[in-house]
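So this one's upload-v6.cif, mmCIF, C-alpha atoms and all ligand atoms:
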```cif
data_my_file
#
loop_
_atom_site.group_PDB
_atom_site.id
_atom_site.type_symbol
_atom_site.label_atom_id
_atom_site.label_comp_id
_atom_site.auth_asym_id
_atom_site.auth_seq_id
_atom_site.Cartn_x
_atom_site.Cartn_y
_atom_site.Cartn_z
ATOM 1 C CA MET A 1 -4.873 83.410 54.061
ATOM 2 C CA ALA A 2 -7.570 85.187 56.088
ATOM 3 C CA ALA A 3 -9.303 82.952 58.625
ATOM 4 C CA LYS A 4 -12.740 84.104 57.441
ATOM 5 C CA ASN A 5 -12.051 82.502 54.035
ATOM 6 C CA LEU A 6 -11.668 79.073 55.577
ATOM 7 C CA ALA A 7 -14.667 76.789 55.346
ATOM 8 C CA ILE A 8 -13.661 75.309 58.685
ATOM 9 C CA ALA A 9 -12.296 77.743 61.239
ATOM 10 C CA ASP A 10 -8.806 77.052 62.568
ATOM 11 C CA ASN A 11 -10.001 77.000 66.187
ATOM 12 C CA GLU A 12 -12.784 74.552 65.287
ATOM 13 C CA LEU A 13 -10.205 72.183 63.739
ATOM 14 C CA SER A 14 -7.864 72.553 66.711
ATOM 15 C CA GLU A 15 -10.644 71.399 69.010
ATOM 16 C CA LEU A 16 -11.336 68.367 66.838
ATOM 17 C CA LEU A 17 -7.838 67.277 65.958
ATOM 18 C CA SER A 18 -4.740 66.510 67.951
ATOM 19 C CA HIS A 19 -1.646 68.639 67.509
ATOM 20 C CA TYR A 20 0.096 65.908 65.469
ATOM 21 C CA SER A 21 -2.839 65.324 63.104
ATOM 22 C CA LEU A 22 -3.261 69.056 62.570
ATOM 23 C CA ILE A 23 0.416 69.710 61.862
ATOM 24 C CA TYR A 24 0.524 66.871 59.327
ATOM 25 C CA LEU A 25 -2.621 68.070 57.575
ATOM 26 C CA LYS A 26 -1.514 71.687 57.442
ATOM 27 C CA GLN A 27 1.875 70.735 56.018
ATOM 28 C CA TYR A 28 0.833 68.096 53.482
ATOM 29 C CA TRP A 29 -2.921 68.363 52.935
ATOM 30 C CA PRO A 30 -3.993 71.954 53.733
ATOM 31 C CA GLU A 31 -7.648 72.813 53.305
ATOM 32 C CA LEU A 32 -6.749 75.635 50.910
ATOM 33 C CA PRO A 33 -3.679 76.233 48.736
ATOM 34 C CA ASP A 34 -0.975 77.686 50.954
ATOM 35 C CA SER A 35 1.921 77.315 48.500
ATOM 36 C CA PRO A 36 1.557 76.980 44.704
ATOM 37 C CA VAL A 37 4.287 74.330 44.569
ATOM 38 C CA GLY A 38 2.781 72.196 47.344
ATOM 39 C CA TRP A 39 -0.727 72.465 45.887
ATOM 40 C CA ALA A 40 0.516 71.488 42.401
ATOM 41 C CA ASP A 41 2.407 68.519 43.891
ATOM 42 C CA ASN A 42 -0.807 67.371 45.578
ATOM 43 C CA ALA A 43 -2.766 67.729 42.332
ATOM 44 C CA VAL A 44 -0.280 65.445 40.533
ATOM 45 C CA LEU A 45 -0.382 63.046 43.476
ATOM 46 C CA MET A 46 -4.200 62.886 43.447
ATOM 47 C CA LEU A 47 -4.138 62.090 39.720
ATOM 48 C CA ALA A 48 -1.519 59.402 40.342
ATOM 49 C CA TYR A 49 -3.782 57.785 42.975
ATOM 50 C CA GLN A 50 -6.699 58.015 40.573
ATOM 51 C CA GLU A 51 -4.682 56.391 37.768
ATOM 52 C CA ALA A 52 -3.529 53.609 40.107
ATOM 53 C CA ALA A 53 -7.102 52.864 41.220
ATOM 54 C CA LEU A 54 -8.324 52.957 37.618
ATOM 55 C CA ALA A 55 -5.661 50.436 36.597
ATOM 56 C CA VAL A 56 -6.802 48.083 39.375
ATOM 57 C CA GLN A 57 -10.463 48.627 38.543
ATOM 58 C CA ARG A 58 -9.763 47.807 34.874
ATOM 59 C CA HIS A 59 -8.039 44.605 35.945
ATOM 60 C CA PHE A 60 -11.088 43.630 38.009
ATOM 61 C CA LYS A 61 -13.334 44.585 35.034
ATOM 62 C CA GLY A 62 -15.067 47.371 36.943
ATOM 63 C CA ARG A 63 -16.017 45.247 39.944
ATOM 64 C CA PRO A 64 -16.153 47.415 43.111
ATOM 65 C CA LEU A 65 -13.228 46.654 45.390
ATOM 66 C CA ARG A 66 -12.953 46.018 49.115
ATOM 67 C CA MET A 67 -9.905 47.927 50.297
ATOM 68 C CA LEU A 68 -7.687 47.800 53.377
ATOM 69 C CA ASP A 69 -5.675 51.002 53.845
ATOM 70 C CA VAL A 70 -2.541 50.814 55.962
ATOM 71 C CA SER A 71 -1.927 53.908 58.127
ATOM 72 C CA THR A 72 -4.326 56.384 56.622
ATOM 73 C CA GLY A 73 -3.025 59.114 58.915
ATOM 74 C CA PRO A 74 -5.459 62.010 59.235
ATOM 75 C CA ALA A 75 -5.652 62.306 55.420
ATOM 76 C CA LEU A 76 -8.692 61.296 53.377
ATOM 77 C CA ALA A 77 -7.336 62.699 50.082
ATOM 78 C CA PRO A 78 -5.908 59.380 48.770
ATOM 79 C CA LEU A 79 -9.241 57.647 49.502
ATOM 80 C CA LEU A 80 -11.069 60.540 47.826
ATOM 81 C CA ALA A 81 -9.048 59.897 44.660
ATOM 82 C CA MET A 82 -9.978 56.194 44.724
ATOM 83 C CA ALA A 83 -13.489 56.510 46.143
ATOM 84 C CA THR A 84 -15.564 55.596 43.128
ATOM 85 C CA CYS A 85 -13.598 52.347 42.648
ATOM 86 C CA VAL A 86 -14.115 51.177 46.206
ATOM 87 C CA SER A 87 -17.220 49.526 47.650
ATOM 88 C CA GLU A 88 -15.950 49.399 51.236
ATOM 89 C CA VAL A 89 -12.788 50.354 53.054
ATOM 90 C CA GLN A 90 -11.098 49.510 56.324
ATOM 91 C CA LEU A 91 -8.983 52.488 57.390
ATOM 92 C CA SER A 92 -6.253 52.220 60.012
ATOM 93 C CA ASP A 93 -3.513 54.110 61.797
ATOM 94 C CA TYR A 94 -0.885 53.654 64.473
ATOM 95 C CA TYR A 95 -2.013 56.733 66.420
ATOM 96 C CA GLY A 96 -5.412 56.856 68.117
ATOM 97 C CA ASP A 97 -5.624 60.594 67.431
ATOM 98 C CA ASN A 98 -5.378 60.009 63.687
ATOM 99 C CA ARG A 99 -8.005 57.260 63.881
ATOM 100 C CA ARG A 100 -10.386 59.635 65.699
ATOM 101 C CA CYS A 101 -9.590 62.416 63.215
ATOM 102 C CA LEU A 102 -10.535 60.146 60.298
ATOM 103 C CA GLN A 103 -13.970 59.647 61.794
ATOM 104 C CA ASN A 104 -14.683 63.096 63.179
ATOM 105 C CA MET A 105 -13.296 65.761 60.909
ATOM 106 C CA PRO A 106 -15.760 67.676 58.713
ATOM 107 C CA ILE A 107 -15.847 66.042 55.291
ATOM 108 C CA GLU A 108 -16.021 69.530 53.681
ATOM 109 C CA TYR A 109 -12.347 69.907 54.581
ATOM 110 C CA TRP A 110 -11.608 67.918 51.412
ATOM 111 C CA LYS A 111 -13.847 69.787 48.995
ATOM 112 C CA ASN A 112 -11.024 71.734 47.284
ATOM 113 C CA TYR A 113 -9.369 68.469 46.301
ATOM 114 C CA VAL A 114 -12.359 67.234 44.278
ATOM 115 C CA PRO A 115 -11.659 69.484 41.246
ATOM 116 C CA MET A 116 -8.206 67.883 40.999
ATOM 117 C CA LEU A 117 -9.892 64.631 39.980
ATOM 118 C CA ILE A 118 -10.519 65.613 36.404
ATOM 119 C CA LYS A 119 -11.628 62.184 35.320
ATOM 120 C CA ILE A 120 -13.744 61.463 38.427
ATOM 121 C CA PHE A 121 -13.263 57.908 37.288
ATOM 122 C CA ASN A 122 -15.887 56.768 34.857
ATOM 123 C CA HIS A 123 -18.456 59.259 36.097
ATOM 124 C CA PRO A 124 -17.351 62.760 35.010
ATOM 125 C CA GLU A 125 -20.900 63.992 35.537
ATOM 126 C CA LYS A 126 -20.705 63.311 39.278
ATOM 127 C CA LYS A 127 -20.952 66.521 41.308
ATOM 128 C CA ALA A 128 -18.462 67.480 44.015
ATOM 129 C CA THR A 129 -21.171 67.078 46.676
ATOM 130 C CA GLU A 130 -21.856 63.510 45.522
ATOM 131 C CA ILE A 131 -18.155 62.626 45.642
ATOM 132 C CA LEU A 132 -17.835 64.075 49.150
ATOM 133 C CA ALA A 133 -20.971 62.199 50.260
ATOM 134 C CA LEU A 134 -19.439 58.981 48.925
ATOM 135 C CA LEU A 135 -16.191 59.709 50.783
ATOM 136 C CA ASP A 136 -18.151 60.381 53.976
ATOM 137 C CA LYS A 137 -20.077 57.115 53.598
ATOM 138 C CA LEU A 138 -16.902 55.110 53.047
ATOM 139 C CA ARG A 139 -14.990 56.593 55.998
ATOM 140 C CA SER A 140 -17.969 56.274 58.381
ATOM 141 C CA ALA A 141 -18.958 52.674 57.619
ATOM 142 C CA ARG A 142 -16.204 51.110 59.743
ATOM 143 C CA VAL A 143 -14.228 52.239 62.758
ATOM 144 C CA PRO A 144 -10.521 52.650 61.816
ATOM 145 C CA VAL A 145 -8.321 49.960 63.361
ATOM 146 C CA GLU A 146 -4.902 50.105 64.945
ATOM 147 C CA VAL A 147 -1.809 49.001 62.953
ATOM 148 C CA ASP A 148 1.898 48.733 63.737
ATOM 149 C CA LEU A 149 4.342 47.837 60.955
ATOM 150 C CA PHE A 150 7.022 46.918 63.487
ATOM 151 C CA ARG A 151 4.801 44.139 64.850
ATOM 152 C CA ASP A 152 4.081 40.778 63.251
ATOM 153 C CA PRO A 153 1.232 40.609 62.349
ATOM 154 C CA PRO A 154 0.725 44.380 61.997
ATOM 155 C CA PHE A 155 -3.082 44.260 62.357
ATOM 156 C CA PRO A 156 -5.225 42.864 65.181
ATOM 157 C CA VAL A 157 -6.381 39.292 64.447
ATOM 158 C CA SER A 158 -9.924 40.553 63.771
ATOM 159 C CA VAL A 159 -8.622 42.048 60.493
ATOM 160 C CA LYS A 160 -8.369 39.429 57.728
ATOM 161 C CA PRO A 161 -6.178 41.027 55.020
ATOM 162 C CA HIS A 162 -6.661 38.139 52.576
ATOM 163 C CA GLU A 163 -10.345 39.069 52.301
ATOM 164 C CA TYR A 164 -9.517 42.353 50.505
ATOM 165 C CA GLU A 165 -9.082 42.663 46.745
ATOM 166 C CA LEU A 166 -6.995 45.778 47.297
ATOM 167 C CA ILE A 167 -4.496 46.719 49.991
ATOM 168 C CA SER A 168 -3.113 50.236 49.894
ATOM 169 C CA MET A 169 -0.330 51.968 51.779
ATOM 170 C CA GLN A 170 0.620 55.581 51.092
ATOM 171 C CA PHE A 171 3.887 57.049 52.407
ATOM 172 C CA VAL A 172 4.161 54.793 55.429
ATOM 173 C CA ALA A 173 7.123 52.359 55.293
ATOM 174 C CA ASP A 174 9.302 55.211 54.016
ATOM 175 C CA ALA A 175 8.044 57.649 56.687
ATOM 176 C CA ILE A 176 8.740 55.440 59.708
ATOM 177 C CA THR A 177 12.127 53.882 58.839
ATOM 178 C CA GLU A 178 15.656 55.202 58.461
ATOM 179 C CA ASN A 179 17.349 52.549 56.315
ATOM 180 C CA GLU A 180 16.625 50.187 53.438
ATOM 181 C CA LYS A 181 16.593 47.022 55.546
ATOM 182 C CA ASP A 182 13.872 48.316 57.887
ATOM 183 C CA PHE A 183 11.961 49.841 54.982
ATOM 184 C CA LEU A 184 11.843 46.493 53.130
ATOM 185 C CA ARG A 185 10.946 44.622 56.311
ATOM 186 C CA CYS A 186 7.956 46.941 56.883
ATOM 187 C CA LEU A 187 6.950 46.824 53.210
ATOM 188 C CA GLY A 188 7.272 43.018 53.247
ATOM 189 C CA ARG A 189 4.923 42.725 56.252
ATOM 190 C CA ILE A 190 2.237 44.353 54.105
ATOM 191 C CA THR A 191 2.990 42.690 50.752
ATOM 192 C CA ASP A 192 2.785 39.322 52.575
ATOM 193 C CA MET A 193 -0.856 40.150 53.312
ATOM 194 C CA VAL A 194 -1.844 40.627 49.678
ATOM 195 C CA ALA A 195 -3.610 37.463 48.537
ATOM 196 C CA PRO A 196 -2.681 35.904 45.163
ATOM 197 C CA GLY A 197 -4.880 37.620 42.563
ATOM 198 C CA SER A 198 -5.319 40.720 44.744
ATOM 199 C CA ALA A 199 -3.897 44.185 44.145
ATOM 200 C CA PHE A 200 -1.605 46.564 45.992
ATOM 201 C CA ILE A 201 -1.383 50.359 45.605
ATOM 202 C CA MET A 202 1.496 52.093 47.316
ATOM 203 C CA SER A 203 3.327 55.382 47.352
ATOM 204 C CA ALA A 204 6.718 56.226 48.786
ATOM 205 C CA ALA A 205 9.184 59.062 48.813
ATOM 206 C CA VAL A 206 12.189 58.166 46.634
ATOM 207 C CA ASP A 207 15.718 59.583 46.644
ATOM 208 C CA CYS A 208 14.576 61.328 49.800
ATOM 209 C CA SER A 209 16.769 61.843 52.832
ATOM 210 C CA SER A 210 14.328 63.802 55.011
ATOM 211 C CA TRP A 211 10.802 65.176 55.314
ATOM 212 C CA GLN A 212 9.465 67.930 57.535
ATOM 213 C CA LEU A 213 6.842 67.544 60.214
ATOM 214 C CA GLY A 214 6.234 71.038 61.502
ATOM 215 C CA GLN A 215 9.638 72.411 62.391
ATOM 216 C CA PHE A 216 11.208 68.957 62.833
ATOM 217 C CA ALA A 217 13.120 67.129 60.086
ATOM 218 C CA GLN A 218 12.187 63.425 59.960
ATOM 219 C CA PRO A 219 14.667 60.887 58.547
ATOM 220 C CA SER A 220 13.834 59.008 55.343
ATOM 221 C CA PRO A 221 15.583 55.819 54.107
ATOM 222 C CA ASN A 222 16.625 57.288 50.737
ATOM 223 C CA ILE A 223 15.043 54.464 48.746
ATOM 224 C CA SER A 224 15.285 54.328 44.959
ATOM 225 C CA GLU A 225 12.418 53.482 42.629
ATOM 226 C CA LYS A 226 14.432 50.439 41.466
ATOM 227 C CA THR A 227 14.705 49.076 45.023
ATOM 228 C CA ILE A 228 10.910 49.129 45.374
ATOM 229 C CA VAL A 229 10.190 47.709 41.917
ATOM 230 C CA ASP A 230 12.787 44.926 42.306
ATOM 231 C CA PHE A 231 11.445 44.028 45.739
ATOM 232 C CA LEU A 232 7.879 43.764 44.434
ATOM 233 C CA ALA A 233 9.056 41.590 41.510
ATOM 234 C CA SER A 234 10.803 39.274 43.998
ATOM 235 C CA GLN A 235 7.473 38.941 45.848
ATOM 236 C CA ASN A 236 5.595 37.933 42.657
ATOM 237 C CA PHE A 237 3.986 41.294 41.936
ATOM 238 C CA GLU A 238 3.383 42.542 38.411
ATOM 239 C CA ILE A 239 3.345 46.353 38.146
ATOM 240 C CA LEU A 240 0.132 47.605 36.507
ATOM 241 C CA ASN A 241 1.050 51.300 36.428
ATOM 242 C CA LEU A 242 3.603 53.655 37.958
ATOM 243 C CA SER A 243 3.529 57.464 38.268
ATOM 244 C CA ARG A 244 6.394 59.749 39.253
ATOM 245 C CA SER A 245 6.296 63.201 40.786
ATOM 246 C CA MET A 246 7.617 66.314 39.146
ATOM 247 C CA ARG A 247 10.463 67.403 41.373
ATOM 248 C CA HIS A 248 10.334 70.990 42.603
ATOM 249 C CA ALA A 249 12.347 72.994 45.058
ATOM 250 C CA GLY A 250 10.426 74.318 48.027
ATOM 251 C CA LEU A 251 8.518 71.159 48.999
ATOM 252 C CA ALA A 252 8.419 69.803 52.545
ATOM 253 C CA TYR A 253 10.502 66.752 51.525
ATOM 254 C CA SER A 254 13.624 66.155 49.446
ATOM 255 C CA GLY A 255 13.679 63.993 46.282
ATOM 256 C CA GLY A 256 10.416 62.846 44.742
ATOM 257 C CA TRP A 257 7.698 60.200 45.064
ATOM 258 C CA ILE A 258 6.263 57.286 43.136
ATOM 259 C CA VAL A 259 2.753 55.836 43.193
ATOM 260 C CA LEU A 260 2.228 52.377 41.748
ATOM 261 C CA SER A 261 -0.398 49.704 41.441
ATOM 262 C CA ALA A 262 0.586 46.043 41.279
ATOM 263 C CA LEU A 263 -1.005 42.624 41.131
ATOM 264 C CA ARG A 264 0.121 39.573 43.077
ATOM 265 C CA SER A 265 0.366 36.573 40.807
ATOM 266 C CA LYS A 266 0.908 33.842 43.410
HETATM 267 C C1 LIG B 301 3.674 60.178 56.292
HETATM 268 S S1 LIG B 301 2.290 59.594 57.176
HETATM 269 C C2 LIG B 301 1.272 58.966 55.857
HETATM 270 C C3 LIG B 301 -0.188 59.054 56.178
HETATM 271 C C4 LIG B 301 -1.143 58.830 54.987
HETATM 272 N N1 LIG B 301 -1.113 57.467 54.524
HETATM 273 C C5 LIG B 301 -0.899 59.812 53.865
HETATM 274 O O1 LIG B 301 -0.616 59.397 52.736
HETATM 275 O O2 LIG B 301 -1.008 61.008 54.109
HETATM 276 C C6 LIG B 301 2.922 58.151 57.994
HETATM 277 C C7 LIG B 301 1.879 57.426 58.810
HETATM 278 O O3 LIG B 301 2.526 56.319 59.482
HETATM 279 C C8 LIG B 301 1.913 56.161 60.752
HETATM 280 N N2 LIG B 301 2.798 55.377 61.629
HETATM 281 C C9 LIG B 301 3.691 55.822 62.556
HETATM 282 N N3 LIG B 301 4.294 54.779 63.170
HETATM 283 C C10 LIG B 301 3.769 53.655 62.626
HETATM 284 C C11 LIG B 301 3.968 52.255 62.846
HETATM 285 N N4 LIG B 301 4.838 51.801 63.739
HETATM 286 N N5 LIG B 301 3.251 51.382 62.103
HETATM 287 C C12 LIG B 301 2.369 51.825 61.167
HETATM 288 N N6 LIG B 301 2.136 53.127 60.922
HETATM 289 C C13 LIG B 301 2.823 54.032 61.640
HETATM 290 C C14 LIG B 301 1.641 57.577 61.213
HETATM 291 O O4 LIG B 301 0.653 57.636 62.202
HETATM 292 C C15 LIG B 301 1.214 58.245 59.904
HETATM 293 O O5 LIG B 301 -0.164 58.195 59.725
#
```
For this file, produce the structure as structure tokens.
Ligand SMILES: C[S@@+](CC[C@H](N)C(=O)[O-])C[C@H]1O[C@@H](n2cnc3c(N)ncnc32)[C@H](O)[C@@H]1O
Amino acid sequence: MAAKNLAIADNELSELLSHYSLIYLKQYWPELPDSPVGWADNAVLMLAYQEAALAVQRHFKGRPLRMLDVSTGPALAPLLAMATCVSEVQLSDYYGDNRRCLQNMPIEYWKNYVPMLIKIFNHPEKKATEILALLDKLRSARVPVEVDLFRDPPFPVSVKPHEYELISMQFVADAITENEKDFLRCLGRITDMVAPGSAFIMSAAVDCSSWQLGQFAQPSPNISEKTIVDFLASQNFEILNLSRSMRHAGLAYSGGWIVLSALRSK
């Protein structure tokens, strides 16, 4: 892809973002399609996030939701897919560089992901510029906070998770653990924070033994969909909807993914 075709020049991004944030974005959320298979996987993923947020919004009868996102990374695409359901959001990440990236990167980076949102929630007439402006407003309203899933509690005491109608966590517990026990411990730290009557949206790689970060293979705990669903049931969650990836060769991870929305009953 010629550099002149990029809305945001590579060198401009390199100055703004740390090496880690940039590598992650380029591999999983590139500004422009760099591989047809990866771009198609992202399109299905964006629709899965949109469906999950719609299911939660329907449950709350259209009421705008306050959302706490666990380890947003440098990626605003999941929030973009949920943006019109959310009235305010608290973003977070373990790494300071990702937290700075979330605040500072040009919002236009995400413009090619807007057309993936075919429903644009209940407002199909909304223009791409309006959706990006909404995303920019949401990400700028609060400074992202630090989070560590290996610590109890994971968030600083200033964050009150029970005040949020929706807690979300995309590809985190599965990305930072190597076995089922640690995965469920990290997931449990977050599900414990969901108040009775509140909702949870999560995604995770399933049947996955490794994922790439640049040239390095990262371990994955090889979790099954059933393990996640059974765990949530044991924690009094009712699944509202669940989407599965199409599985293609040539992706930067093995196996597939699921995205689900769930409601905590008590
Ligand atoms: C695979 S990325 C997912 C990022 C983003 N949610 C997404 O869907 O693109 C995993 C994230 O976990 C974060 N992370 C690493 N160690 C962590 C820890 N101990 N506690 C919480 N998050 C951590 C990383 O900074 C990174 O943003």
Tell me, as a list in words, which residues lie within 12 Å of Tyr164 in chain A, counting only C-alpha atoms; anything in the same chain fewer than 5 positions away does not count.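 That gives Pro64, Leu65, Arg66, Met67, Leu68, Asp69, Val86, Ser87, Glu88, Val89, Gln90, Val159, Met193, Val194, Ala195, Pro196, Gly197, Ser198, Ala199 and Phe200 of chain A.
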Would you mind exporting C-alpha atoms of the selected residues as a PDB file, in the frame of the given file?
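Saved file part-v7.pdb follows:
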```
ATOM      1  CA  PRO A  64     -16.153  47.415  43.111  1.00  0.00           C
ATOM      2  CA  LEU A  65     -13.228  46.654  45.390  1.00  0.00           C
ATOM      3  CA  ARG A  66     -12.953  46.018  49.115  1.00  0.00           C
ATOM      4  CA  MET A  67      -9.905  47.927  50.297  1.00  0.00           C
ATOM      5  CA  LEU A  68      -7.687  47.800  53.377  1.00  0.00           C
ATOM      6  CA  ASP A  69      -5.675  51.002  53.845  1.00  0.00           C
ATOM      7  CA  VAL A  86     -14.115  51.177  46.206  1.00  0.00           C
ATOM      8  CA  SER A  87     -17.220  49.526  47.650  1.00  0.00           C
ATOM      9  CA  GLU A  88     -15.950  49.399  51.236  1.00  0.00           C
ATOM     10  CA  VAL A  89     -12.788  50.354  53.054  1.00  0.00           C
ATOM     11  CA  GLN A  90     -11.098  49.510  56.324  1.00  0.00           C
ATOM     12  CA  VAL A 159      -8.622  42.048  60.493  1.00  0.00           C
ATOM     13  CA  MET A 193      -0.856  40.150  53.312  1.00  0.00           C
ATOM     14  CA  VAL A 194      -1.844  40.627  49.678  1.00  0.00           C
ATOM     15  CA  ALA A 195      -3.610  37.463  48.537  1.00  0.00           C
ATOM     16  CA  PRO A 196      -2.681  35.904  45.163  1.00  0.00           C
ATOM     17  CA  GLY A 197      -4.880  37.620  42.563  1.00  0.00           C
ATOM     18  CA  SER A 198      -5.319  40.720  44.744  1.00  0.00           C
ATOM     19  CA  ALA A 199      -3.897  44.185  44.145  1.00  0.00           C
ATOM     20  CA  PHE A 200      -1.605  46.564  45.992  1.00  0.00           C
TER      21      PHE A 200
END
```
Evaluate the PyMOL selection byres (((chain A and resi 111) around 10) and not hetatm) on the structure here and hand back the selected residues as a ChimeraX atom specification. /A:7,31-32,77,80,107-110,112-116,128-129,131-132
Name the residues captured by the PyMOL selection byres (((chain A and resi 148) around 12) and not hetatm) when it is applied to the shown file; answer as a ChimeraX atom specification. /A:70-71,92-96,145-147,149-156,172-173,176,186-187,189-190
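One finds CA of Arg63 in chain A at 26.7 Å from CA of Arg244 in chain A.
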Let me have the centre and edge lengths of the axis-aligned box enclosing all listed atoms of ligand LIG 301 (chain B) with 8 Å padding on every side, in Å to one decimal, as AutoDock Vina command-line options.
```
--center_x 1.8 --center_y 56.2 --center_z 58.2 --size_x 22.0 --size_y 25.6 --size_z 27.0
```
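For the choices A:Gln212, A:Ser203, A:Gln170, A:Asn236, the atom-to-atom distance to ligand LIG 301 (chain B) is smallest for A:Gln170 when using all atoms listed in the file.
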Would you kindly translate the PyMOL selection byres (((chain A and resi 33-43) around 8) and not hetatm) into the concrete residues it picks from this file, as number ranges by chain? A: 1, 28-32, 44-47, 113, 116, 245-246, 248, 250-251
What is the CA of Lys127 in chain A-CA of Asn241 in chain A distance in Å, reported with one decimal?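 Distance between the two atoms: 27.2 Å.
The space separating CA of Leu242 in chain A from CA of Leu117 in chain A comes to 17.5 Å.
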Nearest residue to ligand LIG 301 (chain B) out of A:Ala83, A:Ala53, A:Val259, A:Ala133, using all atoms listed in the file?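 Closest candidate: A:Val259.
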Got a sec to check which residues sit within 8 Å of (14.9, 56.3, 48.9), counting all atoms listed in the file, and write them as number ranges by chain? A: 174, 180, 205-209, 220-225
Writer output for current selection, C-alpha atoms, as a JSON list (two decimals), keeping the file's coordinate frame:
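Just written: selection_30.json:
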```json
[["chain", "number", "residue", "atom", "x", "y", "z"],
["A", 174, "ASP", "CA", 9.30, 55.21, 54.02],
["A", 180, "GLU", "CA", 16.62, 50.19, 53.44],
["A", 205, "ALA", "CA", 9.18, 59.06, 48.81],
["A", 206, "VAL", "CA", 12.19, 58.17, 46.63],
["A", 207, "ASP", "CA", 15.72, 59.58, 46.64],
["A", 208, "CYS", "CA", 14.58, 61.33, 49.80],
["A", 209, "SER", "CA", 16.77, 61.84, 52.83],
["A", 220, "SER", "CA", 13.83, 59.01, 55.34],
["A", 221, "PRO", "CA", 15.58, 55.82, 54.11],
["A", 222, "ASN", "CA", 16.62, 57.29, 50.74],
["A", 223, "ILE", "CA", 15.04, 54.46, 48.75],
["A", 224, "SER", "CA", 15.28, 54.33, 44.96],
["A", 225, "GLU", "CA", 12.42, 53.48, 42.63]]
```
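Distances to ligand LIG 301 (chain B) were evaluated for A:Trp257, A:Phe60, A:Phe237, A:Phe231 using only C-alpha atoms and all ligand atoms, and the minimum falls at A:Trp257.
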